[in-house]
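Chemist: Could you have a look at this structure, given as C-alpha cells, before my questions?
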Amino acid sequence: MAGRSFTVIENQWITLKDGTRLAARIWMPDNAESDPVPAVFEFLPYRKRDGTSPRDESTYPVFAAAGIAGVRVDIRGSGESDGVIDGEYTPLELANACELIEWIASQPWCNGSVGMMGISWGGFNSLQVAALRPPALKAVISIASTVDRYNDDIHYKNGCHLSAQLSWAATMLAYQSRSPDPELTGNRWKYMWMERLENEPYFLEEWLSHQRRDYFWKHGSIGDNFGDVEVPVLVIAGWADGYRNTPLKAVAGLGDRAKAIIGPWIHKYPHFAWPKPRADFHAEAIRWWNRWLRGEENGAEDLPQVRAYIMDAVKPAAWREYDPGFWVAKQTWAEPQTLNLQVDDRGRLAVDAKARAAGEAFLRSPLDTGTAAGEFFTLKPDAEMAGDQRTDDAGSLVFETEPLTEAVECLGMPVVKLTVACEAELANLCARIVDVHPDGSALRVSFGVLNLAHRNSNEHPELLVPGEKTEITLVLDACGYRFAPGHRIRLSLSTAYWPMILPPPVDVGLTIELGSLDLALPLLGEAERIEMKEPDNPSPLPDYIEHHPGATRRTVTRDLSAARTDYRIHEDSGLYEHPETGLATRELREEVWSITDGDPTSVTGRAVWTCDMSRPGWSVRTVSMASLACTKTDWLLSAHVLAYEGEEQIFEKTWEKTIPREMM
C-alpha cells in the first residue's frame, strides 16, 4: 500500500467522564505527533474485534496511508467496552460520541479536525451527532442511514409494522449477549459478560411501545430540522437497500451542505457491495476528508449534488452479480417533473388518459401475498432482494401500460393517488411499480406501504369511517430506473405484503374507485452521463482462516390442507478465524414466519441465534431466541437467552411481555 506508513493500535482504552471505559482500535499514521493529522471516528455496537473487523481492515489502512487516522470505538456494552447498552441512538450514546470527538481532537497526534463516518447504525448516529454540533466535528459520511427514524428505518413504514422489528431485535439480543475478548480485557471479561447478560434490554419492548411517530422517533430524526446540521455531509445508499430514500431527502433538506451517491447496491460499503458496478469509496472518502478536515482545495464542494446509477431493464434473478445501467449526475437536485398515468376505459395504464376507467374494483389479497418482497435491508444479492413479482402480482390488482414505444427514465419518488372505501376501520395498502419484460418476468422497481389510518399523519392517525370513500396519497420509495422500449410499466396494488409487513387485526379488503387512480412517475430529466471509478482492488476484504463454510437458504412452504404459509430463513456465517488474533467466530440464524389465510391474527415469527467464539483453551456460546405473536388487541412478545462457557451453562434469562396494539 503506497503512501504514509502507519501503526495499528489494536486496543486503546478511552475513559469517559462518568468513568466508563470504551475500547477503540486506531490506525495511526506514523509521526503524527510531530505532524498532526485529521481523524475519522466510527461509533458502533458491532464489535471492532470480530464483527466489523473485515470491513474496518479494508478501509482504515487506506485512510491511514493517506495521512488520516481512523478511530473505531465500540459503544458501551459491546465488544470490549464497559457497561450495558441502553437502546438505539439514545441521548447517552450521542453524548458519549460528542465526548469522544472532543477526546480525539485534543490528542497531540490530531490536527483538531474530526470526521464521523459509518454505515447503518454508524451512518445514523453520524447524522444525529452532527445535529448536536460538537465543535471539532467538521464533516460526515453517512451510508445506508435515515433522516426519519419512524418511516425510513427497520421498525415502521407509514404506520405499517415491519417484521424486521422482530428480526432486528433478535439480532441485537444476540449481538449484545456476546462476551468480550479476554485477550484484551484480561480477567474482567467474565464480570463484564455477566453484567451485560443480566442487564441488557430487549429492544422490541421499547419499539412496540411507540407505534406512532411520537417523541421517541422524533429524537434523532434530523429531517424534522435540517438546519441543525451545519457541516458538509456525503450521503450514500443503494437502490437494493431499505435506506434508499435518504440521499435524496438529505440533499432536498440540507441543500448545498449535502452531496448524494446512489448505486445499485445492497446494505454494504460501495467498494465491496453487490450488485456491481461498485464505486471507489476510498477515493471519494479521502477527497471528502482532505477537503473538510485539512482544507485541501480539491473541488469536493463543487461535486454534483446527486450522482445516481440508473438501472436499465434489470431482470430478477436468484443472484444478481451485476445490474445493467448507467451513472448520471445532477448538479442541483430539484423536484422532478412527472409522467402521469391513469387507468383508461380499457383497463390499461395510459399517459394522461382521456377516457378514464369507470366503476370500482374490490381487492382483498391473500394474506401471504408478498413472499417475493425480499428483506427490508439486504446483505446479499440473492433471495434477500425482491424476486420475480409474478407470484405476488397474482394476489394483487394490477394495471399496466401497452408495450412502451420509447424508453421512460426515472429518478425520484413515485406517487400513487386513489380513492378507496373499506368496511372496517383499519386496512393496509401496498403499491408496487414493476418492470414487465417481454418474456413476462417482472422486476420490482419501487414500492410503498400505508396503514390507511396514517393517511394524514403518523403522529395523529385517524381510523377509517366504514364504507366512506377516502382519498389516499401514497409516496413510494425512491428509484432510479430506465424502462426499455417493448417493456410494460405495471402498477400492482395489494392489501397484504407479508412477511415484510405484518397485517392489521382485520382483513375485509378495499373497494377502489378505478377512475381515481393516478400514478406520477418522477422523470430523470436533464442529467449528465458520467463515469464512476470502480475500486482498483476487486476483492478488498481481507481473507480469514475458514474452518467451516457459510450457507444461506430461504424457503416458502404452503400447507394447502391447513391454508398456512411458512417463510423460513437459514443463515450460517461459517466458522472463521482471524489470522492475527486467533479469535474464531460463527453465527447461526434460524427464523420462521407463519400465517394462515383468512386469519390475520395467526401471524407468528420466531428467530433463534447461536453465536460461538473460541480460541485454543477458551470457548463461549450464546443462544438467543425471540418470538412475536398477536391477538386482535395485543402484541405477545417473548425472548430467551442462554449462555455457555465451554460446555457449562452459566446463565439463563427470559422476557415475557404483552403490549396493547394501537388500533391505528
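Ordered as shown in the C-alpha cells, chains take letters A, B, and onward, while each chain numbers its residues from 1 and ligands are numbered from 1 in the order shown.
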Skip Asp228 (chain A) itself and residues of its chain fewer than 6 positions away, then list as a list of chain:residue names all residues within 12 Å of it, counting only C-alpha atoms.
Modeler: A:Leu127, A:Gln128, A:Val129, A:Ala130, A:Ala131, A:Leu132, A:Arg133, A:Pro134, A:Gly220, A:Ser221, A:Ile222, A:Gly253, A:Leu254, A:Arg257
Chemist: Which residues are close to Ser539 (chain A), i.e. within 12 Å by only C-alpha atoms, leaving aside same-chain residues fewer than 2 positions away? Reply as a list of chain:residue names.
Modeler: A:Pro54, A:Arg55, A:Ser58, A:His271, A:Phe272, A:Ala273, A:Arg278, A:Glu534, A:Pro535, A:Asp536, A:Asn537, A:Leu541, A:Pro542, A:Asp543
Chemist: Could you turn the residues from that selection into a file that holds C-alpha atoms, as a PDB file, in the first residue's frame?
Modeler:
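So out_1.pdb came out as:
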```pdb
ATOM      1  CA  PRO A  54     -13.131  -7.269   7.837  1.00  0.00           C
ATOM      2  CA  ARG A  55     -14.636  -4.014   6.572  1.00  0.00           C
ATOM      3  CA  SER A  58     -10.490  -2.842   4.128  1.00  0.00           C
ATOM      4  CA  HIS A 271     -16.295  -0.682  -2.682  1.00  0.00           C
ATOM      5  CA  PHE A 272     -17.403  -4.264  -1.930  1.00  0.00           C
ATOM      6  CA  ALA A 273     -21.179  -4.097  -2.463  1.00  0.00           C
ATOM      7  CA  ARG A 278     -19.099  -0.852  -7.438  1.00  0.00           C
ATOM      8  CA  GLU A 534     -14.618   1.436  -9.663  1.00  0.00           C
ATOM      9  CA  PRO A 535     -12.173   0.285  -6.957  1.00  0.00           C
ATOM     10  CA  ASP A 536      -8.786  -0.897  -8.159  1.00  0.00           C
ATOM     11  CA  ASN A 537      -8.963  -3.899  -5.831  1.00  0.00           C
ATOM     12  CA  LEU A 541     -11.935  -7.566   2.137  1.00  0.00           C
ATOM     13  CA  PRO A 542      -9.206  -9.473   3.995  1.00  0.00           C
ATOM     14  CA  ASP A 543      -9.066 -13.261   3.945  1.00  0.00           C
TER      15      ASP A 543
END
```
Chemist: Enumerate as a short mmCIF file (atom, residue, chain, number, x, y, z; two decimals) with C-alpha atoms, in the first residue's frame all residues of region 246-292 of chain A assigned to helix (DSSP H, G or I) by DSSP on the backbone, naming them with the chain letters and numbers the document uses.
Modeler:
```cif
data_model
loop_
_atom_site.label_atom_id
_atom_site.label_comp_id
_atom_site.auth_asym_id
_atom_site.auth_seq_id
_atom_site.Cartn_x
_atom_site.Cartn_y
_atom_site.Cartn_z
CA THR A 246 -32.14 9.09 2.47
CA PRO A 247 -29.76 10.60 -0.12
CA LEU A 248 -32.50 12.47 -2.00
CA LYS A 249 -34.21 13.55 1.22
CA ALA A 250 -30.87 14.79 2.57
CA VAL A 251 -29.97 16.91 -0.44
CA ALA A 252 -33.51 18.31 -0.56
CA GLY A 253 -33.31 19.26 3.12
CA LEU A 254 -29.65 20.18 3.55
CA GLY A 255 -29.16 21.87 0.18
CA ASP A 256 -25.56 22.77 -0.64
CA ARG A 257 -24.32 21.16 2.60
CA PHE A 281 -15.43 4.62 -1.93
CA HIS A 282 -11.89 5.11 -0.66
CA ALA A 283 -11.08 7.77 -3.24
CA GLU A 284 -14.42 9.52 -2.66
CA ALA A 285 -13.93 9.49 1.11
CA ILE A 286 -10.32 10.64 1.08
CA ARG A 287 -11.21 13.55 -1.19
CA TRP A 288 -14.06 14.48 1.19
CA TRP A 289 -11.88 14.26 4.30
CA ASN A 290 -8.99 16.16 2.73
CA ARG A 291 -11.30 18.99 1.73
CA TRP A 292 -13.12 19.40 5.02
#
```
Chemist: Hey, what's within 8 Å of region 361-370 of chain A if we count only C-alpha atoms and toss same-chain stuff fewer than 6 positions away? As an mmCIF file with N, CA, C and O atoms, in the first residue's frame, please?
Modeler:
```cif
data_model
loop_
_atom_site.group_PDB
_atom_site.id
_atom_site.type_symbol
_atom_site.label_atom_id
_atom_site.label_comp_id
_atom_site.auth_asym_id
_atom_site.auth_seq_id
_atom_site.Cartn_x
_atom_site.Cartn_y
_atom_site.Cartn_z
ATOM 1 N N THR A 391 -45.463 -13.924 -8.727
ATOM 2 C CA THR A 391 -46.194 -14.635 -7.674
ATOM 3 C C THR A 391 -46.984 -13.659 -6.805
ATOM 4 O O THR A 391 -48.145 -13.921 -6.459
ATOM 5 N N ASP A 392 -46.390 -12.527 -6.449
ATOM 6 C CA ASP A 392 -47.105 -11.539 -5.641
ATOM 7 C C ASP A 392 -48.185 -10.833 -6.445
ATOM 8 O O ASP A 392 -49.253 -10.491 -5.913
ATOM 9 N N GLY A 395 -51.789 -12.154 -6.465
ATOM 10 C CA GLY A 395 -52.705 -11.803 -5.388
ATOM 11 C C GLY A 395 -52.998 -10.322 -5.317
ATOM 12 O O GLY A 395 -53.478 -9.837 -4.284
ATOM 13 N N SER A 396 -52.725 -9.607 -6.408
ATOM 14 C CA SER A 396 -52.834 -8.154 -6.424
ATOM 15 C C SER A 396 -53.763 -7.693 -7.538
ATOM 16 O O SER A 396 -54.093 -8.452 -8.454
ATOM 17 N N LEU A 397 -54.168 -6.450 -7.452
ATOM 18 C CA LEU A 397 -54.890 -5.784 -8.535
ATOM 19 C C LEU A 397 -53.840 -5.081 -9.378
ATOM 20 O O LEU A 397 -53.092 -4.237 -8.867
ATOM 21 N N SER A 494 -51.942 -4.229 -3.492
ATOM 22 C CA SER A 494 -52.336 -5.358 -2.657
ATOM 23 C C SER A 494 -52.666 -4.863 -1.264
ATOM 24 O O SER A 494 -52.204 -3.801 -0.833
ATOM 25 N N THR A 495 -53.471 -5.640 -0.560
ATOM 26 C CA THR A 495 -53.814 -5.306 0.827
ATOM 27 C C THR A 495 -52.943 -6.071 1.816
ATOM 28 O O THR A 495 -53.107 -5.922 3.029
ATOM 29 N N ALA A 496 -52.028 -6.883 1.299
ATOM 30 C CA ALA A 496 -51.077 -7.618 2.142
ATOM 31 C C ALA A 496 -49.701 -7.534 1.504
ATOM 32 O O ALA A 496 -49.580 -7.423 0.277
ATOM 33 N N TYR A 497 -48.664 -7.600 2.343
ATOM 34 C CA TYR A 497 -47.282 -7.655 1.844
ATOM 35 C C TYR A 497 -46.451 -8.367 2.901
ATOM 36 O O TYR A 497 -45.554 -7.819 3.505
ATOM 37 N N TRP A 498 -46.818 -9.626 3.109
ATOM 38 C CA TRP A 498 -46.258 -10.465 4.159
ATOM 39 C C TRP A 498 -45.155 -11.344 3.595
ATOM 40 O O TRP A 498 -45.266 -11.808 2.459
ATOM 41 N N PRO A 499 -44.073 -11.613 4.334
ATOM 42 C CA PRO A 499 -43.880 -11.297 5.752
ATOM 43 C C PRO A 499 -43.231 -9.946 6.035
ATOM 44 O O PRO A 499 -43.023 -9.620 7.208
ATOM 45 N N MET A 500 -42.892 -9.159 4.993
ATOM 46 C CA MET A 500 -42.251 -7.876 5.280
ATOM 47 C C MET A 500 -43.129 -6.998 6.154
ATOM 48 O O MET A 500 -42.664 -6.374 7.108
ATOM 49 N N PRO A 503 -49.869 -7.911 9.123
ATOM 50 C CA PRO A 503 -51.225 -7.478 8.799
ATOM 51 C C PRO A 503 -51.901 -6.780 9.972
ATOM 52 O O PRO A 503 -51.569 -7.012 11.132
ATOM 53 N N ASP A 507 -59.240 -8.089 8.217
ATOM 54 C CA ASP A 507 -58.897 -8.275 6.808
ATOM 55 C C ASP A 507 -60.181 -8.356 6.000
ATOM 56 O O ASP A 507 -60.689 -9.435 5.709
ATOM 57 N N VAL A 508 -60.728 -7.186 5.655
ATOM 58 C CA VAL A 508 -62.004 -7.170 4.932
ATOM 59 C C VAL A 508 -61.861 -6.671 3.505
ATOM 60 O O VAL A 508 -62.823 -6.703 2.739
ATOM 61 N N GLY A 509 -60.682 -6.194 3.123
ATOM 62 C CA GLY A 509 -60.469 -5.752 1.756
ATOM 63 C C GLY A 509 -60.827 -4.299 1.531
ATOM 64 O O GLY A 509 -61.331 -3.598 2.425
ATOM 65 N N LEU A 510 -60.540 -3.833 0.303
ATOM 66 C CA LEU A 510 -60.771 -2.447 -0.096
ATOM 67 C C LEU A 510 -61.554 -2.396 -1.396
ATOM 68 O O LEU A 510 -61.367 -3.240 -2.283
ATOM 69 N N THR A 511 -62.396 -1.393 -1.506
ATOM 70 C CA THR A 511 -63.036 -1.081 -2.775
ATOM 71 C C THR A 511 -62.330 0.136 -3.364
ATOM 72 O O THR A 511 -62.212 1.177 -2.705
ATOM 73 N N ILE A 512 -61.854 -0.008 -4.601
ATOM 74 C CA ILE A 512 -61.048 1.033 -5.241
ATOM 75 C C ILE A 512 -61.829 1.642 -6.392
ATOM 76 O O ILE A 512 -62.357 0.923 -7.256
ATOM 77 N N GLU A 513 -61.909 2.951 -6.387
ATOM 78 C CA GLU A 513 -62.561 3.687 -7.474
ATOM 79 C C GLU A 513 -61.559 3.813 -8.624
ATOM 80 O O GLU A 513 -60.576 4.552 -8.531
ATOM 81 N N LEU A 514 -61.793 3.086 -9.705
ATOM 82 C CA LEU A 514 -60.792 2.966 -10.763
ATOM 83 C C LEU A 514 -60.461 4.299 -11.416
ATOM 84 O O LEU A 514 -59.301 4.572 -11.753
ATOM 85 N N THR A 565 -48.975 -20.700 5.411
ATOM 86 C CA THR A 565 -47.725 -20.469 4.702
ATOM 87 C C THR A 565 -46.613 -20.219 5.710
ATOM 88 O O THR A 565 -46.785 -19.445 6.654
ATOM 89 N N ILE A 595 -48.311 -17.781 8.700
ATOM 90 C CA ILE A 595 -49.617 -17.111 8.659
ATOM 91 C C ILE A 595 -50.630 -18.063 8.037
ATOM 92 O O ILE A 595 -50.281 -18.872 7.161
ATOM 93 N N THR A 596 -51.850 -18.004 8.520
ATOM 94 C CA THR A 596 -52.946 -18.797 7.975
ATOM 95 C C THR A 596 -53.887 -17.874 7.221
ATOM 96 O O THR A 596 -54.313 -16.847 7.760
ATOM 97 N N ASP A 597 -54.183 -18.220 5.982
ATOM 98 C CA ASP A 597 -55.026 -17.343 5.171
ATOM 99 C C ASP A 597 -56.402 -17.182 5.810
ATOM 100 O O ASP A 597 -56.984 -18.139 6.328
ATOM 101 N N GLY A 598 -56.878 -15.955 5.795
ATOM 102 C CA GLY A 598 -58.178 -15.649 6.376
ATOM 103 C C GLY A 598 -58.119 -15.258 7.836
ATOM 104 O O GLY A 598 -59.135 -14.820 8.397
ATOM 105 N N PRO A 600 -55.734 -12.885 10.087
ATOM 106 C CA PRO A 600 -54.553 -12.035 10.262
ATOM 107 C C PRO A 600 -53.937 -12.126 11.654
ATOM 108 O O PRO A 600 -52.772 -11.774 11.827
#
```
Chemist: Give me the residues near region 603-620 of chain A as a CSV table (one decimal) with all heavy atoms, in the first residue's frame, where near means some atom within 6 Å (using only C-alpha atoms) and where sequence neighbours in that chain fewer than 3 positions away do not count.
Modeler:
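Heads up, here's the output in part.csv:
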```csv
chain,number,residue,atom,x,y,z
A,583,LEU,N,-8.9,-15.4,17.1
A,583,LEU,CA,-10.3,-15.5,17.6
A,583,LEU,C,-11.1,-16.0,16.4
A,583,LEU,O,-11.1,-15.5,15.3
A,583,LEU,CB,-10.8,-14.1,18.0
A,583,LEU,CG,-12.2,-14.0,18.5
A,583,LEU,CD1,-12.3,-14.8,19.9
A,583,LEU,CD2,-12.6,-12.6,18.7
A,584,ALA,N,-11.9,-17.1,16.7
A,584,ALA,CA,-12.7,-17.8,15.7
A,584,ALA,C,-14.2,-17.5,16.1
A,584,ALA,O,-14.5,-17.6,17.3
A,584,ALA,CB,-12.5,-19.2,15.7
A,585,THR,N,-15.0,-17.1,15.2
A,585,THR,CA,-16.4,-16.8,15.4
A,585,THR,C,-17.3,-17.5,14.4
A,585,THR,O,-16.9,-17.7,13.3
A,585,THR,CB,-16.7,-15.3,15.4
A,585,THR,OG1,-16.3,-14.8,14.1
A,585,THR,CG2,-15.8,-14.6,16.5
A,586,ARG,N,-18.6,-17.7,14.9
A,586,ARG,CA,-19.6,-18.3,14.0
A,586,ARG,C,-20.9,-17.8,14.5
A,586,ARG,O,-21.2,-17.8,15.7
A,586,ARG,CB,-19.5,-19.8,14.0
A,586,ARG,CG,-20.5,-20.5,13.0
A,586,ARG,CD,-20.4,-22.0,13.0
A,586,ARG,NE,-21.1,-22.6,11.9
A,586,ARG,CZ,-21.1,-23.9,11.7
A,586,ARG,NH1,-20.4,-24.7,12.5
A,586,ARG,NH2,-21.8,-24.5,10.7
A,587,GLU,N,-21.8,-17.5,13.6
A,587,GLU,CA,-23.2,-17.1,13.9
A,587,GLU,C,-24.2,-17.9,13.1
A,587,GLU,O,-24.1,-18.0,11.8
A,587,GLU,CB,-23.4,-15.6,13.6
A,587,GLU,CG,-22.5,-14.7,14.5
A,587,GLU,CD,-22.5,-13.3,14.0
A,587,GLU,OE1,-23.2,-12.9,13.0
A,587,GLU,OE2,-21.7,-12.5,14.5
A,588,LEU,N,-25.2,-18.4,13.7
A,588,LEU,CA,-26.2,-19.2,13.0
A,588,LEU,C,-27.6,-18.6,13.3
A,588,LEU,O,-27.9,-18.4,14.5
A,588,LEU,CB,-26.2,-20.7,13.5
A,588,LEU,CG,-27.2,-21.7,12.9
A,588,LEU,CD1,-26.9,-21.9,11.4
A,588,LEU,CD2,-27.1,-23.0,13.6
A,589,ARG,N,-28.3,-18.3,12.3
A,589,ARG,CA,-29.7,-17.7,12.5
A,589,ARG,C,-30.7,-18.6,11.8
A,589,ARG,O,-30.6,-19.0,10.7
A,589,ARG,CB,-29.7,-16.3,11.8
A,589,ARG,CG,-31.1,-15.7,11.7
A,589,ARG,CD,-31.0,-14.5,10.8
A,589,ARG,NE,-32.3,-13.9,10.4
A,589,ARG,CZ,-32.5,-13.1,9.4
A,589,ARG,NH1,-31.5,-12.9,8.5
A,589,ARG,NH2,-33.7,-12.6,9.1
A,590,GLU,N,-31.7,-18.9,12.6
A,590,GLU,CA,-32.9,-19.7,12.1
A,590,GLU,C,-34.1,-18.8,12.4
A,590,GLU,O,-34.4,-18.5,13.5
A,590,GLU,CB,-33.0,-21.0,12.7
A,590,GLU,CG,-31.8,-22.0,12.6
A,590,GLU,CD,-31.7,-22.6,11.2
A,590,GLU,OE1,-32.7,-22.4,10.4
A,590,GLU,OE2,-30.7,-23.2,10.9
A,591,GLU,N,-34.9,-18.5,11.3
A,591,GLU,CA,-36.0,-17.6,11.5
A,591,GLU,C,-37.2,-18.2,10.7
A,591,GLU,O,-37.0,-18.6,9.6
A,591,GLU,CB,-35.7,-16.2,11.1
A,591,GLU,CG,-36.8,-15.2,11.4
A,591,GLU,CD,-36.3,-13.7,11.2
A,591,GLU,OE1,-35.1,-13.5,11.4
A,591,GLU,OE2,-37.2,-12.9,10.8
A,592,VAL,N,-38.4,-18.2,11.3
A,592,VAL,CA,-39.6,-18.6,10.6
A,592,VAL,C,-40.8,-17.7,10.9
A,592,VAL,O,-41.0,-17.4,12.0
A,592,VAL,CB,-39.9,-20.1,10.9
A,592,VAL,CG1,-40.2,-20.3,12.4
A,592,VAL,CG2,-41.1,-20.6,10.1
A,593,TRP,N,-41.5,-17.4,9.8
A,593,TRP,CA,-42.7,-16.6,9.9
A,593,TRP,C,-43.8,-17.5,9.4
A,593,TRP,O,-43.7,-18.2,8.3
A,593,TRP,CB,-42.6,-15.3,9.1
A,593,TRP,CG,-41.7,-14.3,9.7
A,593,TRP,CD1,-40.4,-14.2,9.5
A,593,TRP,CD2,-42.1,-13.4,10.7
A,593,TRP,NE1,-39.9,-13.2,10.3
A,593,TRP,CE2,-40.9,-12.7,11.1
A,593,TRP,CE3,-43.3,-13.0,11.3
A,593,TRP,CZ2,-40.9,-11.6,12.0
A,593,TRP,CZ3,-43.3,-12.0,12.2
A,593,TRP,CH2,-42.1,-11.3,12.6
A,594,SER,N,-45.0,-17.5,10.0
A,594,SER,CA,-46.1,-18.3,9.6
A,594,SER,C,-47.4,-17.4,9.6
A,594,SER,O,-47.5,-16.5,10.4
A,594,SER,CB,-46.3,-19.5,10.6
A,594,SER,OG,-45.2,-20.3,10.6
A,595,ILE,N,-48.3,-17.8,8.7
A,595,ILE,CA,-49.6,-17.1,8.7
A,595,ILE,C,-50.6,-18.1,8.0
A,595,ILE,O,-50.3,-18.9,7.2
A,595,ILE,CB,-49.5,-15.8,7.9
A,595,ILE,CG1,-50.7,-14.9,8.2
A,595,ILE,CG2,-49.4,-16.0,6.4
A,595,ILE,CD1,-50.6,-13.5,7.7
A,623,VAL,N,-27.1,-18.6,23.0
A,623,VAL,CA,-28.3,-18.9,22.2
A,623,VAL,C,-29.4,-17.9,22.6
A,623,VAL,O,-29.8,-17.9,23.7
A,623,VAL,CB,-28.7,-20.4,22.5
A,623,VAL,CG1,-30.0,-20.7,21.6
A,623,VAL,CG2,-27.6,-21.3,22.2
A,624,SER,N,-29.8,-17.2,21.6
A,624,SER,CA,-30.9,-16.1,21.8
A,624,SER,C,-32.1,-16.5,21.0
A,624,SER,O,-32.0,-16.7,19.8
A,624,SER,CB,-30.3,-14.7,21.4
A,624,SER,OG,-29.1,-14.5,22.1
A,625,MET,N,-33.2,-16.4,21.7
A,625,MET,CA,-34.5,-16.7,21.0
A,625,MET,C,-35.5,-15.6,21.2
A,625,MET,O,-35.6,-15.0,22.3
A,625,MET,CB,-35.1,-18.0,21.6
A,625,MET,CG,-34.2,-19.3,21.3
A,625,MET,SD,-34.6,-20.7,22.4
A,625,MET,CE,-33.7,-20.2,23.8
A,626,ALA,N,-36.2,-15.2,20.1
A,626,ALA,CA,-37.2,-14.2,20.2
A,626,ALA,C,-38.4,-14.5,19.4
A,626,ALA,O,-38.2,-15.1,18.3
A,626,ALA,CB,-36.6,-12.8,19.7
A,627,SER,N,-39.6,-14.3,19.9
A,627,SER,CA,-40.8,-14.6,19.2
A,627,SER,C,-41.8,-13.5,19.3
A,627,SER,O,-41.8,-12.7,20.3
A,627,SER,CB,-41.4,-15.9,19.6
A,627,SER,OG,-41.8,-15.8,21.0
A,628,LEU,N,-42.7,-13.5,18.3
A,628,LEU,CA,-43.8,-12.5,18.3
A,628,LEU,C,-45.1,-13.1,17.8
A,628,LEU,O,-45.0,-13.9,16.8
A,628,LEU,CB,-43.4,-11.3,17.4
A,628,LEU,CG,-44.5,-10.2,17.2
A,628,LEU,CD1,-44.6,-9.4,18.5
A,628,LEU,CD2,-44.0,-9.2,16.1
A,629,ALA,N,-46.2,-12.9,18.5
A,629,ALA,CA,-47.5,-13.3,18.1
A,629,ALA,C,-48.4,-12.2,18.4
A,629,ALA,O,-48.0,-11.2,19.0
A,629,ALA,CB,-47.9,-14.6,18.8
A,644,TYR,N,-23.2,-20.1,27.6
A,644,TYR,CA,-22.3,-21.2,28.0
A,644,TYR,C,-20.9,-20.8,28.0
A,644,TYR,O,-20.4,-20.1,27.1
A,644,TYR,CB,-22.5,-22.4,26.9
A,644,TYR,CG,-23.9,-22.9,26.8
A,644,TYR,CD1,-24.9,-22.3,26.0
A,644,TYR,CD2,-24.3,-24.0,27.6
A,644,TYR,CE1,-26.1,-22.8,25.9
A,644,TYR,CE2,-25.6,-24.5,27.5
A,644,TYR,CZ,-26.5,-23.9,26.7
A,644,TYR,OH,-27.8,-24.4,26.6
A,645,GLU,N,-20.1,-21.3,29.0
A,645,GLU,CA,-18.7,-21.2,29.0
A,645,GLU,C,-18.2,-22.6,28.8
A,645,GLU,O,-18.4,-23.5,29.7
A,645,GLU,CB,-18.2,-20.6,30.3
A,645,GLU,CG,-16.7,-20.5,30.3
A,645,GLU,CD,-16.1,-19.9,31.6
A,645,GLU,OE1,-17.0,-19.6,32.5
A,645,GLU,OE2,-14.9,-19.7,31.7
A,646,GLY,N,-17.6,-22.9,27.7
A,646,GLY,CA,-17.3,-24.3,27.3
A,646,GLY,C,-18.6,-25.0,27.2
A,646,GLY,O,-19.5,-24.6,26.5
```
Chemist: I need the strand (DSSP E or B) residues of region 485-645 of chain A per DSSP on the backbone, written as a PyMOL selection string.
Modeler: chain A and resi 488-494+501+510-523+528-530+545-548+551-559+564-572+575-577+584-596+599-615+618-630+634-645
Chemist: Which distance in Å separates CA of Arg47 (chain A) and CA of Ser78 (chain A), to one decimal?
Modeler: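 We find that CA of Arg47 (chain A) and CA of Ser78 (chain A) lie 6.1 Å from each other.
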Chemist: Please build the interface table for region 464-524 of chain A against region 451-454 of chain A with a cut-off of 9 Å, listing for each qualifying residue the nearest atom pair and the distance in Å to one decimal; count only C-alpha atoms, order rows by chain and increasing number, and write it as a tab-separated table.
Modeler:
```
residue	atom	partner	partner_atom	distance
A:Leu464	CA	A:Ala453	CA	6.1
A:Ile472	CA	A:Leu452	CA	7.9
A:Pro504	CA	A:Asn451	CA	8.4
```
Chemist: Hey, can you spit out that residue selection with N, CA, C and O atoms as a PDB file, in the first residue's frame?
Modeler:
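Below you can see selection_3.pdb, which holds the result:
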```pdb
ATOM      1  N   LEU A 464     -60.427   4.804   9.754  1.00  0.00           N
ATOM      2  CA  LEU A 464     -61.326   4.963   8.616  1.00  0.00           C
ATOM      3  C   LEU A 464     -62.778   4.946   9.089  1.00  0.00           C
ATOM      4  O   LEU A 464     -63.113   4.334  10.106  1.00  0.00           O
ATOM      5  N   ILE A 472     -56.554   8.844  -0.920  1.00  0.00           N
ATOM      6  CA  ILE A 472     -55.271   8.370  -0.393  1.00  0.00           C
ATOM      7  C   ILE A 472     -54.139   8.876  -1.293  1.00  0.00           C
ATOM      8  O   ILE A 472     -54.231   8.815  -2.516  1.00  0.00           O
ATOM      9  N   PRO A 504     -52.882  -5.908   9.674  1.00  0.00           N
ATOM     10  CA  PRO A 504     -53.720  -5.370  10.743  1.00  0.00           C
ATOM     11  C   PRO A 504     -54.607  -6.480  11.293  1.00  0.00           C
ATOM     12  O   PRO A 504     -54.684  -7.565  10.708  1.00  0.00           O
TER      13      PRO A 504
END
```
Chemist: List every residue of region 189-306 of chain A that has an atom at most 12 Å from any atom of region 479-490 of chain A, giving for each one its closest atom pair and the distance in Å to one decimal, counting only C-alpha atoms, sorted by chain and then by ascending residue number, as a Markdown table.
Modeler:
```
| residue | atom | partner | partner_atom | distance |
| --- | --- | --- | --- | --- |
| A:Ala237 | CA | A:Cys479 | CA | 11.3 |
| A:Gly238 | CA | A:Cys479 | CA | 9.6 |
| A:Trp239 | CA | A:Cys479 | CA | 6.5 |
| A:Ala240 | CA | A:Cys479 | CA | 9.5 |
| A:Asp241 | CA | A:Cys479 | CA | 10.9 |
| A:Gly242 | CA | A:Cys479 | CA | 11.5 |
| A:Tyr243 | CA | A:Cys479 | CA | 11.4 |
| A:Arg244 | CA | A:Cys479 | CA | 7.8 |
| A:Asn245 | CA | A:Cys479 | CA | 8.4 |
| A:Thr246 | CA | A:Cys479 | CA | 11.6 |
| A:Pro247 | CA | A:Cys479 | CA | 11.3 |
| A:Leu248 | CA | A:Cys479 | CA | 10.1 |
| A:Ile261 | CA | A:Gly480 | CA | 11.7 |
| A:Ile262 | CA | A:Gly480 | CA | 8.6 |
| A:Gly263 | CA | A:Gly480 | CA | 9.0 |
| A:Pro264 | CA | A:Gly480 | CA | 8.9 |
| A:Val306 | CA | A:Gly480 | CA | 11.6 |
```
Chemist: Show which residues sit within 10 Å of Glu425 (chain A), as a tab-separated table (two decimals) with C-alpha atoms, in the first residue's frame. Count only C-alpha atoms, and ignore same-chain residues fewer than 2 positions away.
Modeler:
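Saved to around19.tsv:
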```
chain	number	residue	atom	x	y	z
A	421	ALA	CA	-63.54	2.58	0.75
A	422	CYS	CA	-63.32	-0.06	3.46
A	423	GLU	CA	-65.94	-1.78	5.59
A	427	ALA	CA	-56.52	-1.65	6.39
A	452	LEU	CA	-54.67	3.79	5.97
A	453	ALA	CA	-55.30	5.15	9.46
A	462	GLU	CA	-57.44	8.61	12.27
A	463	LEU	CA	-59.48	5.44	11.89
A	464	LEU	CA	-61.33	4.96	8.62
A	465	VAL	CA	-65.08	5.53	8.58
A	466	PRO	CA	-66.51	2.19	7.39
A	467	GLY	CA	-68.00	2.47	3.91
A	506	VAL	CA	-58.90	-7.30	10.48
A	508	VAL	CA	-62.00	-7.17	4.93
A	663	MET	CA	-55.95	0.19	16.75
A	664	MET	CA	-54.44	2.62	14.32
```
